[in-house]
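Enquirer: protein_19.pdb is the file, holding PDB, C-alpha atoms, pLDDT in the B column:
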```pdb
ATOM      1  CA  MET T 103    -131.991  27.535-127.492  1.00 44.00           C
ATOM      2  CA  SER T 104    -130.909  27.240-123.893  1.00 52.00           C
ATOM      3  CA  ASP T 105    -127.227  26.776-123.142  1.00 80.00           C
ATOM      4  CA  ASP T 106    -126.490  24.750-120.063  1.00 80.00           C
ATOM      5  CA  VAL T 107    -124.384  21.985-118.639  1.00 86.00           C
ATOM      6  CA  ARG T 108    -125.319  19.356-116.132  1.00 87.00           C
ATOM      7  CA  ILE T 109    -123.535  19.026-112.841  1.00 88.00           C
ATOM      8  CA  ALA T 110    -124.562  15.948-110.919  1.00 87.00           C
ATOM      9  CA  THR T 111    -125.495  16.411-107.289  1.00 91.00           C
ATOM     10  CA  ALA T 112    -122.928  13.707-106.537  1.00 93.00           C
ATOM     11  CA  LEU T 113    -120.089  15.957-107.772  1.00 92.00           C
ATOM     12  CA  ARG T 114    -119.521  17.507-104.344  1.00 93.00           C
ATOM     13  CA  ASN T 115    -118.875  14.094-102.747  1.00 95.00           C
ATOM     14  CA  HIS T 116    -117.110  12.453-105.691  1.00 96.00           C
ATOM     15  CA  ARG T 117    -113.601  11.199-104.938  1.00 97.00           C
ATOM     16  CA  LYS T 118    -112.150  13.365-107.730  1.00 97.00           C
ATOM     17  CA  THR T 119    -113.737  16.498-106.275  1.00 98.00           C
ATOM     18  CA  LYS T 120    -112.559  15.652-102.772  1.00 98.00           C
ATOM     19  CA  ARG T 121    -109.009  15.182-104.056  1.00 98.00           C
ATOM     20  CA  LEU T 122    -109.178  18.417-106.051  1.00 98.00           C
ATOM     21  CA  ARG T 123    -110.372  20.286-102.980  1.00 98.00           C
ATOM     22  CA  ARG T 124    -107.501  18.868-100.922  1.00 98.00           C
ATOM     23  CA  LEU T 125    -105.036  19.947-103.613  1.00 98.00           C
ATOM     24  CA  LEU T 126    -106.364  23.419-104.454  1.00 98.00           C
ATOM     25  CA  GLY T 127    -109.140  24.252-102.021  1.00 98.00           C
ATOM     26  CA  GLY T 128    -112.484  25.727-102.948  1.00 97.00           C
ATOM     27  CA  ASP T 129    -110.947  27.940-105.639  1.00 98.00           C
ATOM     28  CA  GLY T 130    -109.909  24.840-107.551  1.00 98.00           C
ATOM     29  CA  CYS T 131    -113.416  23.390-107.340  1.00 98.00           C
ATOM     30  CA  TRP T 132    -114.959  26.657-108.534  1.00 98.00           C
ATOM     31  CA  ALA T 133    -112.463  26.767-111.423  1.00 98.00           C
ATOM     32  CA  LEU T 134    -113.619  23.263-112.389  1.00 98.00           C
ATOM     33  CA  VAL T 135    -117.235  24.456-112.511  1.00 97.00           C
ATOM     34  CA  CYS T 136    -116.167  27.454-114.599  1.00 98.00           C
ATOM     35  CA  LEU T 137    -114.286  25.120-116.959  1.00 98.00           C
ATOM     36  CA  PHE T 138    -117.460  23.039-117.340  1.00 95.00           C
ATOM     37  CA  LEU T 139    -119.423  26.210-118.141  1.00 94.00           C
ATOM     38  CA  PHE T 140    -116.822  27.270-120.701  1.00 95.00           C
ATOM     39  CA  ALA T 141    -117.041  23.854-122.351  1.00 93.00           C
ATOM     40  CA  GLY T 142    -120.825  24.077-122.513  1.00 91.00           C
ATOM     41  CA  GLU T 143    -120.558  27.488-124.103  1.00 90.00           C
ATOM     42  CA  GLN T 144    -117.659  27.026-126.530  1.00 91.00           C
ATOM     43  CA  ARG T 145    -116.239  23.484-126.494  1.00 93.00           C
ATOM     44  CA  TRP T 146    -119.450  21.471-126.597  1.00 88.00           C
ATOM     45  CA  THR T 147    -117.830  18.066-127.024  1.00 91.00           C
ATOM     46  CA  GLY T 148    -115.460  18.584-124.102  1.00 93.00           C
ATOM     47  CA  ASP T 149    -112.485  18.543-126.484  1.00 96.00           C
ATOM     48  CA  LEU T 150    -110.030  21.266-125.468  1.00 98.00           C
ATOM     49  CA  GLY T 151    -107.663  20.494-128.342  1.00 98.00           C
ATOM     50  CA  GLY T 152    -105.565  23.407-129.520  1.00 98.00           C
ATOM     51  CA  MET T 153    -105.690  25.101-126.126  1.00 98.00           C
ATOM     52  CA  THR T 154    -102.550  25.522-124.080  1.00 98.00           C
ATOM     53  CA  ASP T 155    -102.677  24.774-120.377  1.00 98.00           C
ATOM     54  CA  GLU T 156    -102.550  28.527-119.807  1.00 98.00           C
ATOM     55  CA  ASP T 157    -105.607  28.951-122.069  1.00 98.00           C
ATOM     56  CA  ILE T 158    -107.485  26.307-120.077  1.00 98.00           C
ATOM     57  CA  GLU T 159    -106.641  27.980-116.786  1.00 98.00           C
ATOM     58  CA  ASP T 160    -107.646  31.374-118.163  1.00 98.00           C
ATOM     59  CA  GLU T 161    -111.034  30.070-119.328  1.00 98.00           C
ATOM     60  CA  ALA T 162    -111.533  28.421-115.932  1.00 98.00           C
ATOM     61  CA  GLY T 163    -110.867  31.726-114.196  1.00 98.00           C
ATOM     62  CA  TRP T 164    -107.922  30.253-112.306  1.00 98.00           C
ATOM     63  CA  ASP T 165    -105.762  32.904-110.658  1.00 97.00           C
ATOM     64  CA  GLY T 166    -103.611  30.624-108.547  1.00 97.00           C
ATOM     65  CA  ALA T 167    -100.134  29.376-109.375  1.00 98.00           C
ATOM     66  CA  PRO T 168     -99.664  28.898-113.133  1.00 98.00           C
ATOM     67  CA  GLY T 169    -100.025  25.260-114.116  1.00 98.00           C
ATOM     68  CA  ALA T 170    -101.439  24.190-110.757  1.00 98.00           C
ATOM     69  CA  LEU T 171    -105.048  23.843-111.898  1.00 98.00           C
ATOM     70  CA  VAL T 172    -104.357  21.780-114.999  1.00 98.00           C
ATOM     71  CA  SER T 173    -101.872  19.651-113.089  1.00 98.00           C
ATOM     72  CA  ALA T 174    -104.418  18.941-110.356  1.00 98.00           C
ATOM     73  CA  LEU T 175    -107.241  18.268-112.844  1.00 98.00           C
ATOM     74  CA  LEU T 176    -105.014  15.757-114.626  1.00 98.00           C
ATOM     75  CA  GLN T 177    -103.900  14.178-111.353  1.00 98.00           C
ATOM     76  CA  VAL T 178    -107.444  13.595-110.100  1.00 98.00           C
ATOM     77  CA  GLY T 179    -108.810  12.622-113.523  1.00 98.00           C
ATOM     78  CA  PHE T 180    -111.097  15.475-114.572  1.00 98.00           C
ATOM     79  CA  LEU T 181    -108.811  16.191-117.553  1.00 98.00           C
ATOM     80  CA  VAL T 182    -107.080  13.751-119.886  1.00 98.00           C
ATOM     81  CA  GLY T 183    -104.570  14.095-122.693  1.00 98.00           C
ATOM     82  CA  GLU T 184    -101.415  16.003-123.488  1.00 97.00           C
ATOM     83  CA  GLU T 185    -101.071  19.783-123.705  1.00 95.00           C
ATOM     84  CA  SER T 186    -102.897  21.165-126.756  1.00 96.00           C
ATOM     85  CA  ALA T 187    -104.818  17.867-126.945  1.00 98.00           C
ATOM     86  CA  ARG T 188    -106.633  17.797-123.599  1.00 98.00           C
ATOM     87  CA  ALA T 189    -110.272  16.907-123.019  1.00 98.00           C
ATOM     88  CA  ILE T 190    -112.679  16.830-120.116  1.00 97.00           C
ATOM     89  CA  HIS T 191    -112.904  13.188-119.043  1.00 96.00           C
ATOM     90  CA  ASP T 192    -116.237  11.534-119.969  1.00 92.00           C
ATOM     91  CA  TRP T 193    -117.789  14.904-120.915  1.00 91.00           C
ATOM     92  CA  GLN T 194    -120.099  13.401-123.546  1.00 87.00           C
ATOM     93  CA  GLU T 195    -121.310  10.756-121.097  1.00 83.00           C
ATOM     94  CA  HIS T 196    -122.083  13.290-118.353  1.00 80.00           C
ATOM     95  CA  ASN T 197    -123.227  16.129-120.624  1.00 83.00           C
ATOM     96  CA  PRO T 198    -124.882  14.584-123.671  1.00 78.00           C
ATOM     97  CA  TYR T 199    -127.144  17.591-124.214  1.00 76.00           C
ATOM     98  CA  ALA T 200    -124.256  20.072-124.235  1.00 78.00           C
ATOM     99  CA  ALA T 201    -122.145  17.686-126.330  1.00 77.00           C
ATOM    100  CA  SER T 202    -124.844  17.504-129.013  1.00 76.00           C
ATOM    101  CA  LYS T 203    -125.196  21.281-129.384  1.00 74.00           C
ATOM    102  CA  GLY T 204    -123.542  21.273-132.810  1.00 71.00           C
ATOM    103  CA  VAL T 205    -126.064  18.727-134.100  1.00 72.00           C
ATOM    104  CA  ARG T 206    -128.980  20.732-132.702  1.00 72.00           C
ATOM    105  CA  ILE T 207    -127.696  23.905-134.369  1.00 74.00           C
ATOM    106  CA  GLU T 208    -127.551  22.153-137.741  1.00 70.00           C
TER
END
```
Could you render the structure from this file as structure tokens?
Expert:
Amino acid sequence: MSDDVRIATALRNHRKTKRLRRLLGGDGCWALVCLFLFAGEQRWTGDLGGMTDEDIEDEAGWDGAPGALVSALLQVGFLVGEESARAIHDWQEHNPYAASKGVRIE
């Protein structure tokens, strides 16, 4: 079974991505991609519940200022929720195949 996530070609010109890039530069955008890959691998539904903000930044490979990535992702709208109850916004809509991995395994 192939593990993958979908990243729309429109992501690079999406307003959220442009704002993230202004806030954190290319490293922030790459961390977002890495967070998407982590979700596809281990958090199939996009639910990051139980993870601290530090955990999220670690899984995204963020090595900038602590808290800056999660703060920016919340500000631009890629993440939603409170600490330990965060989720990737609209993950199941944009990644239905990855989100249904648990069902396919069963």
Enquirer: As an exercise, work out the distance from CA of Ile109 (chain T) to CA of Ala133 (chain T) in Å and give it to one decimal place.
Expert: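 Interatomic distance, CA of Ile109 (chain T) to CA of Ala133 (chain T): 13.6 Å.
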Enquirer: Would you work out the distance separating CA of Asp149 (chain T) from CA of Ile190 (chain T), expressed in Å to one decimal?
Expert: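 So the two atoms, CA of Asp149 (chain T) and CA of Ile190 (chain T), lie 6.6 Å apart.
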Enquirer: With all atoms listed in the file as the counted atoms, please give the residues lying no more than 7 Å from Gly163 (chain T), apart from itself and same-chain residues fewer than 2 positions off, as a count of residues only.
Expert: 6
Enquirer: Excluding Leu134 (chain T) and any residue of its chain fewer than 3 positions from it, enumerate the residues within 12 Å of it, using only C-alpha atoms, and give them as a PyMOL selection string.
Expert: chain T and resi 109+113-114+118-119+122-123+126-131+137-141+158-164+171-172+174-176+178-181+190
Enquirer: Find the residue from T:Gly166, T:Lys120, T:Val205, T:Asp105 that sits nearest to Gln144 (chain T); use all atoms listed in the file when measuring.
Expert: T:Asp105
Enquirer: Considering all atoms listed in the file, can you say which of T:Ala201, T:Val135, T:Leu125, T:Ala189 comes closest to Leu150 (chain T)?
Expert: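 Using all atoms listed in the file, the shortest distance to Leu150 (chain T) belongs to T:Ala189.
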Enquirer: Which distance in Å separates CA of Asp106 (chain T) and CA of Pro198 (chain T), to one decimal?
Expert: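 CA of Asp106 (chain T) sits 10.9 Å away from CA of Pro198 (chain T).
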Enquirer: Please evaluate the PyMOL selection byres ((chain T and resi 186) around 8) against the structure above and give the resulting residues as a list of chain:residue names.
Expert: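 For this structure, the PyMOL selection byres ((chain T and resi 186) around 8) captures T:Leu150, T:Gly151, T:Gly152, T:Met153, T:Thr154, T:Asp155, T:Glu184, T:Glu185, T:Ala187, T:Arg188.
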Enquirer: Include C-alpha atoms and write out the residues we just selected as a PDB file, in the coordinates of the input.
Expert:
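Contents of selection-v5.pdb, as written:
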```pdb
ATOM      1  CA  LEU T 150    -110.030  21.266-125.468  1.00 98.00           C
ATOM      2  CA  GLY T 151    -107.663  20.494-128.342  1.00 98.00           C
ATOM      3  CA  GLY T 152    -105.565  23.407-129.520  1.00 98.00           C
ATOM      4  CA  MET T 153    -105.690  25.101-126.126  1.00 98.00           C
ATOM      5  CA  THR T 154    -102.550  25.522-124.080  1.00 98.00           C
ATOM      6  CA  ASP T 155    -102.677  24.774-120.377  1.00 98.00           C
ATOM      7  CA  GLU T 184    -101.415  16.003-123.488  1.00 97.00           C
ATOM      8  CA  GLU T 185    -101.071  19.783-123.705  1.00 95.00           C
ATOM      9  CA  ALA T 187    -104.818  17.867-126.945  1.00 98.00           C
ATOM     10  CA  ARG T 188    -106.633  17.797-123.599  1.00 98.00           C
TER      11      ARG T 188
END
```
Enquirer: Taking all atoms listed in the file into account, which of T:Ala167, T:Trp193, T:Arg121, T:Gln177 comes nearest Val107 (chain T)?
Expert: T:Trp193
Enquirer: Determine the axis-aligned bounding box of all atoms of region 186-202 of chain T present in the file, pad each side by 3 Å, and express its centre and edge lengths in Å to one decimal place as lines of an AutoDock Vina configuration file.
Expert:
```
center_x = -115.0
center_y = 16.0
center_z = -123.7
size_x = 30.2
size_y = 16.4
size_z = 16.7
```
Enquirer: Pick out the closest residue to Asn197 (chain T) from this set: T:Arg124, T:Arg145, T:Asp157, T:Ala170. Count all atoms listed in the file.
Expert: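 For Asn197 (chain T), the nearest of the given residues is T:Arg145.
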Enquirer: Find, counting only C-alpha atoms, the residue in T:Trp146, T:Ala112, T:Arg117, T:Trp132 that gets nearest to Lys203 (chain T).
Expert: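 Of T:Trp146, T:Ala112, T:Arg117, T:Trp132, the one nearest Lys203 (chain T), counting only C-alpha atoms, is T:Trp146.
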Enquirer: Which residue gives the smallest distance to Asp192 (chain T) among T:Gly148, T:His116, T:Glu156, T:Thr111, with only C-alpha atoms counted?
Expert: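 Residue with the minimum atom-to-atom distance to Asp192 (chain T): T:Gly148.
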